[in-house]
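These notes are about the structure you will find just below.
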Amino acid sequence: MSLAPAHAPAPSAATPRQRHVLSPGARRLLTRLPRLVGTLLAVSFLTFMLTSLLPGDPALTILGENASDEQIAALRDDLGLDDPLPERYVVWLGDALQGDLGVSYRTGQDVTEAIRERLPVTIELGLVSLAMSLLVSIPLAIWSAYRAGGALDRVLTTTSFGLMSMPSFMLAMFLIIVFAVELGWLPSTGWVPLSEDPAGNIQSVILPAIALGANEIAIFMRILRSDLITTLRQDSIAMARSKGLSTSRIMLFHALRPSSLSLLTVVGVQIGAIVGGSVIIETMFALPGVGRLLVDSIAERDLITVQGLALVIGASVVIVNFLTDAIYSLVDPRIRDGRDR
């Protein structure tokens, strides 16, 4: 008895090619990239126009009134001041993208090199002041929100108003008089690199960081306190309390995270204020940073250096704000899952 040949199994349906689908958070950032590029181009154009909007001859402004006609003509040819404005901008932007910000006609130093030498001081000062502001303001905001309306809350609120109304240079003078002149605990001027003497570096950065970050402490604390009070009134917090969770766990893991979005926004915005404030603080404490270089360049009419500094500072603030927006998707699941709209 012959057996019928077994039929070959039908071929399985072809598996569709897997596609890599971007998450809503990634799509959100990609849609904002053109805005970032457009903003950076606007910053670069406004920076470039610094030498074109000055009254009179920019070459004469840079070289000074004692410059000869030959020197002025050579500088105009070097800067391309006789070329059409769009052509000059394209050439300047191309050089800037390659890291060439020109050469200072006052010192003869490459502007990019001058910024690179001084940038670590400004970055360290900004990071220390920002870290100090967050480390102080977050615990105070949590305690103030938990005891809202209490005696400590009223004291902290009043103190924050005082810090917000005090200019950084006034606080800097107070710190210098008290801790440097009267007590002699810390130096009033000068800078010690971290690579040379860590202890000396800490001593040289403490007073400038406090003067620069005190105002931010008040701003961060008030913003976070207000959002925490609102969050603590939500049903999710009441449910967490009904489960018997401790107060510290509720405040740190259930209330702080959803209340930190406004704080992140303000931190990103205040980066620009910290950079601007470093101009005054670095000058008062004689710190060799980018802010002091900007002040000295303006005083010496070193427009090429001012132009390079303005571009670096402006682009840095724009990029930091973009990165702050990118962190939102890590903090708030609604944005990460595309539910922010």
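Convention: chains lettered A, B, ... in structure tokens order; per-chain residue numbering from 1; ligands numbered from 1 as shown.
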
**Request:** Can you check which residues of stretch 75-324 of chain A DSSP gives as helix (DSSP H, G or I) on the backbone and send them as an MDAnalysis selection string?
**Result:** chainID A and resid 75:79 85:97 111:146 151:165 168:182 198:231 235:242 247:255 261:284 290:299 303:324

**Item:** Exercise: A:Glu216 partners within 10 Å, only C-alpha atoms, chain neighbours under 3 positions left out, as number ranges by chain
**Value:** A: 129-130, 132-134, 137, 160, 163-164, 210-213, 219-222, 266-267, 270-271, 273-274

Write out, as a short mmCIF file (atom, residue, chain, number, x, y, z; two decimals), in the first residue's frame, the residues just selected, with N, CA and C atoms.
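Final output, result04.cif:
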data_model
loop_
_atom_site.label_atom_id
_atom_site.label_comp_id
_atom_site.auth_asym_id
_atom_site.auth_seq_id
_atom_site.Cartn_x
_atom_site.Cartn_y
_atom_site.Cartn_z
N SER A 129 28.63 77.83 41.23
CA SER A 129 27.53 78.68 41.70
C SER A 129 26.19 78.02 41.44
N LEU A 130 26.03 77.35 40.29
CA LEU A 130 24.77 76.67 39.97
C LEU A 130 24.55 75.47 40.89
N MET A 132 25.83 75.01 43.87
CA MET A 132 25.56 75.53 45.21
C MET A 132 24.11 76.02 45.31
N SER A 133 23.64 76.70 44.28
CA SER A 133 22.27 77.21 44.31
C SER A 133 21.25 76.09 44.40
N LEU A 134 21.47 75.02 43.63
CA LEU A 134 20.52 73.91 43.64
C LEU A 134 20.61 73.12 44.95
N SER A 137 18.87 75.48 47.54
CA SER A 137 17.48 75.87 47.30
C SER A 137 16.52 74.69 47.34
N SER A 160 14.31 85.23 50.96
CA SER A 160 14.42 85.10 49.51
C SER A 160 14.10 86.41 48.81
N LEU A 163 17.24 88.49 49.07
CA LEU A 163 18.30 88.07 48.15
C LEU A 163 17.98 88.44 46.71
N MET A 164 16.71 88.33 46.32
CA MET A 164 16.32 88.66 44.95
C MET A 164 16.47 90.14 44.66
N ILE A 210 29.43 82.35 45.70
CA ILE A 210 28.33 82.78 46.57
C ILE A 210 27.70 84.06 46.05
N ALA A 211 28.53 85.02 45.66
CA ALA A 211 28.01 86.29 45.15
C ALA A 211 27.21 86.09 43.87
N LEU A 212 27.64 85.14 43.04
CA LEU A 212 26.96 84.89 41.77
C LEU A 212 25.72 84.04 41.94
N GLY A 213 25.72 83.12 42.92
CA GLY A 213 24.61 82.18 43.04
C GLY A 213 23.57 82.50 44.08
N ILE A 219 15.56 82.53 43.71
CA ILE A 219 14.66 82.27 42.58
C ILE A 219 14.28 80.79 42.52
N PHE A 220 15.26 79.91 42.61
CA PHE A 220 14.98 78.47 42.53
C PHE A 220 14.08 78.02 43.68
N MET A 221 14.34 78.52 44.88
CA MET A 221 13.56 78.10 46.04
C MET A 221 12.10 78.51 45.90
N ARG A 222 11.85 79.71 45.46
CA ARG A 222 10.47 80.19 45.35
C ARG A 222 9.71 79.44 44.26
N VAL A 266 13.53 77.34 34.63
CA VAL A 266 14.18 78.52 35.20
C VAL A 266 15.69 78.34 35.23
N VAL A 267 16.17 77.12 35.51
CA VAL A 267 17.61 76.87 35.51
C VAL A 267 18.20 77.14 34.14
N GLN A 270 18.21 80.87 33.63
CA GLN A 270 19.16 81.55 34.50
C GLN A 270 20.61 81.29 34.14
N ILE A 271 20.86 80.33 33.26
CA ILE A 271 22.23 80.14 32.77
C ILE A 271 22.73 81.42 32.12
N ALA A 273 21.69 84.42 32.87
CA ALA A 273 21.92 85.40 33.93
C ALA A 273 23.24 85.14 34.64
N ILE A 274 23.58 83.86 34.81
CA ILE A 274 24.85 83.53 35.45
C ILE A 274 26.02 83.97 34.58
#

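Atom CA of A:Arg154 sits 15.3 Å away from atom CA of A:Ile223.
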
**Message:** List the spatial neighbours of stretch 275-284 of chain A as a PyMOL selection string - criterion: any atom at most 10 Å away, only C-alpha atoms, same-chain residues fewer than 3 positions off excluded.
**Reply:** chain A and resi 121-123+125-126+167-169+172-173+176+188-191+207-209+211-213+270-272+287-296+313-314+316-317

Could the residues in this selection be written to a file with N, CA and C atoms, as a compact mmCIF listing (two decimals), in the first residue's frame?
# COMPACT_ATOMS: atom_id res chain seq x y z
N VAL A 121 37.90 78.98 33.67
CA VAL A 121 37.60 79.75 34.89
C VAL A 121 36.11 80.07 34.95
N THR A 122 35.56 80.56 33.84
CA THR A 122 34.14 80.92 33.81
C THR A 122 33.25 79.69 33.97
N ILE A 123 33.63 78.58 33.33
CA ILE A 123 32.84 77.36 33.44
C ILE A 123 32.83 76.85 34.89
N LEU A 125 33.39 78.58 37.65
CA LEU A 125 32.64 79.52 38.47
C LEU A 125 31.14 79.33 38.28
N GLY A 126 30.70 79.17 37.03
CA GLY A 126 29.28 78.98 36.77
C GLY A 126 28.75 77.66 37.32
N PRO A 167 21.55 93.28 44.33
CA PRO A 167 22.41 93.03 43.16
C PRO A 167 23.64 92.22 43.56
N SER A 168 24.14 91.46 42.62
CA SER A 168 25.27 90.59 42.92
C SER A 168 26.52 91.37 43.29
N PHE A 169 26.70 92.57 42.71
CA PHE A 169 27.91 93.32 43.04
C PHE A 169 27.87 93.86 44.47
N ALA A 172 28.77 90.97 46.58
CA ALA A 172 30.20 90.72 46.42
C ALA A 172 31.02 91.66 47.29
N MET A 173 30.66 92.94 47.32
CA MET A 173 31.39 93.89 48.17
C MET A 173 31.24 93.53 49.64
N ILE A 176 33.48 90.53 50.39
CA ILE A 176 34.89 90.90 50.39
C ILE A 176 35.25 91.62 51.69
N SER A 188 40.44 87.98 48.51
CA SER A 188 39.48 88.88 47.87
C SER A 188 39.65 88.91 46.36
N THR A 189 40.83 88.62 45.87
CA THR A 189 41.10 88.64 44.43
C THR A 189 42.02 87.49 44.08
N GLY A 190 42.14 87.26 42.78
CA GLY A 190 43.06 86.24 42.30
C GLY A 190 42.40 84.91 42.05
N TRP A 191 43.14 84.06 41.33
CA TRP A 191 42.61 82.75 40.96
C TRP A 191 43.73 81.73 41.01
N LEU A 207 33.94 82.74 47.42
CA LEU A 207 33.26 84.04 47.49
C LEU A 207 32.63 84.44 46.16
N PRO A 208 33.32 84.32 45.02
CA PRO A 208 32.65 84.65 43.75
C PRO A 208 31.43 83.78 43.48
N ALA A 209 31.51 82.49 43.83
CA ALA A 209 30.37 81.60 43.58
C ALA A 209 29.18 81.98 44.44
N ALA A 211 28.53 85.02 45.66
CA ALA A 211 28.01 86.29 45.15
C ALA A 211 27.21 86.09 43.87
N LEU A 212 27.64 85.14 43.04
CA LEU A 212 26.96 84.89 41.77
C LEU A 212 25.72 84.04 41.94
N GLY A 213 25.72 83.12 42.92
CA GLY A 213 24.61 82.18 43.04
C GLY A 213 23.57 82.50 44.08
N GLN A 270 18.21 80.87 33.63
CA GLN A 270 19.16 81.55 34.50
C GLN A 270 20.61 81.29 34.14
N ILE A 271 20.86 80.33 33.26
CA ILE A 271 22.23 80.14 32.77
C ILE A 271 22.73 81.42 32.12
N GLY A 272 21.85 82.07 31.35
CA GLY A 272 22.22 83.34 30.75
C GLY A 272 22.49 84.40 31.78
N LEU A 287 39.23 87.78 38.46
CA LEU A 287 39.34 86.41 37.98
C LEU A 287 39.64 86.42 36.48
N PRO A 288 40.57 85.62 36.02
CA PRO A 288 40.95 85.62 34.59
C PRO A 288 39.98 84.79 33.74
N GLY A 289 38.72 85.17 33.74
CA GLY A 289 37.71 84.43 33.01
C GLY A 289 37.26 85.16 31.76
N VAL A 290 36.26 84.59 31.11
CA VAL A 290 35.73 85.16 29.88
C VAL A 290 35.03 86.49 30.15
N GLY A 291 34.35 86.60 31.29
CA GLY A 291 33.66 87.85 31.62
C GLY A 291 34.62 89.02 31.75
N ARG A 292 35.74 88.81 32.44
CA ARG A 292 36.71 89.88 32.58
C ARG A 292 37.36 90.19 31.24
N LEU A 293 37.60 89.17 30.43
CA LEU A 293 38.16 89.41 29.09
C LEU A 293 37.22 90.28 28.27
N LEU A 294 35.92 90.07 28.42
CA LEU A 294 34.95 90.88 27.69
C LEU A 294 35.01 92.34 28.15
N VAL A 295 35.08 92.55 29.46
CA VAL A 295 35.16 93.92 29.98
C VAL A 295 36.43 94.60 29.50
N ASP A 296 37.56 93.92 29.58
CA ASP A 296 38.83 94.51 29.14
C ASP A 296 38.81 94.79 27.64
N ILE A 313 29.38 83.27 23.79
CA ILE A 313 28.44 83.37 24.91
C ILE A 313 27.00 83.18 24.43
N GLY A 314 26.64 83.86 23.34
CA GLY A 314 25.27 83.74 22.83
C GLY A 314 24.93 82.33 22.39
N SER A 316 26.35 79.57 23.39
CA SER A 316 26.35 78.69 24.57
C SER A 316 25.01 78.75 25.29
N VAL A 317 24.47 79.95 25.46
CA VAL A 317 23.19 80.10 26.15
C VAL A 317 22.07 79.43 25.36

**Message:** Env of A:Ser104: 9 Å cut, atoms = only C-alpha atoms, seq-sep filter 4 positions within chain, self excluded. Answer as number ranges by chain.
**Reply:** A: 108-111, 302-305

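Going from atom CA of A:Ala59 to atom CA of A:Leu75 covers 6.1 Å.
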
**Asked** Leaving out stretch 91-95 of chain A and any residue of its chain fewer than 4 positions from it, which residues lie within 8 Å of it when counting only C-alpha atoms, given as JSON, numbers by chain?
**Response** {"A": [44, 48, 87, 99, 100, 101]}

**Request:** For A:Val320, work out the shell of residues within 9 Å, counting only C-alpha atoms and skipping chain neighbours fewer than 4 positions away, then give it as JSON, numbers by chain.
**Result:** {"A": [268, 269, 271, 315, 316, 324, 325]}

Could you save those same residues with N, CA and C atoms as a PDB file, in the first residue's frame?
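Okay, part.pdb is ready:
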ATOM      1  N   GLY A 268      17.506  76.665  33.085  1.00  0.00           N
ATOM      2  CA  GLY A 268      17.985  76.922  31.736  1.00  0.00           C
ATOM      3  C   GLY A 268      18.031  78.402  31.417  1.00  0.00           C
ATOM      4  N   VAL A 269      16.987  79.121  31.829  1.00  0.00           N
ATOM      5  CA  VAL A 269      16.958  80.569  31.567  1.00  0.00           C
ATOM      6  C   VAL A 269      18.022  81.296  32.376  1.00  0.00           C
ATOM      7  N   ILE A 271      20.864  80.326  33.263  1.00  0.00           N
ATOM      8  CA  ILE A 271      22.233  80.137  32.773  1.00  0.00           C
ATOM      9  C   ILE A 271      22.727  81.424  32.124  1.00  0.00           C
ATOM     10  N   ALA A 315      25.855  81.689  21.652  1.00  0.00           N
ATOM     11  CA  ALA A 315      25.608  80.316  21.198  1.00  0.00           C
ATOM     12  C   ALA A 315      25.541  79.350  22.376  1.00  0.00           C
ATOM     13  N   SER A 316      26.353  79.567  23.390  1.00  0.00           N
ATOM     14  CA  SER A 316      26.345  78.685  24.567  1.00  0.00           C
ATOM     15  C   SER A 316      25.007  78.749  25.290  1.00  0.00           C
ATOM     16  N   THR A 324      18.328  71.855  27.997  1.00  0.00           N
ATOM     17  CA  THR A 324      17.380  71.856  29.110  1.00  0.00           C
ATOM     18  C   THR A 324      16.018  71.342  28.657  1.00  0.00           C
ATOM     19  N   ASP A 325      15.619  71.746  27.476  1.00  0.00           N
ATOM     20  CA  ASP A 325      14.350  71.269  26.929  1.00  0.00           C
ATOM     21  C   ASP A 325      14.408  69.765  26.664  1.00  0.00           C
TER      22      ASP A 325
END

**Item:** Distance criterion (only C-alpha atoms): nearest to A:Thr159 out of A:Ser195, A:Thr112, A:Asn201, A:Asn215
**Value:** A:Asn215

**Item:** A:Gly184 environment, 12 Å, only C-alpha atoms, sequence neighbours closer than 5 positions dropped, as a PyMOL selection string
**Value:** chain A and resi 175-179+203

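Between atom CA of A:Leu309 and atom CA of A:Glu65 the interatomic distance comes to 24.3 Å.
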
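Comparing the minimum interatomic distances between A:Ala214 and each of A:Tyr105, A:Phe322, A:Phe161, A:Trp143, counting only C-alpha atoms, we find that A:Phe161 sits nearest.
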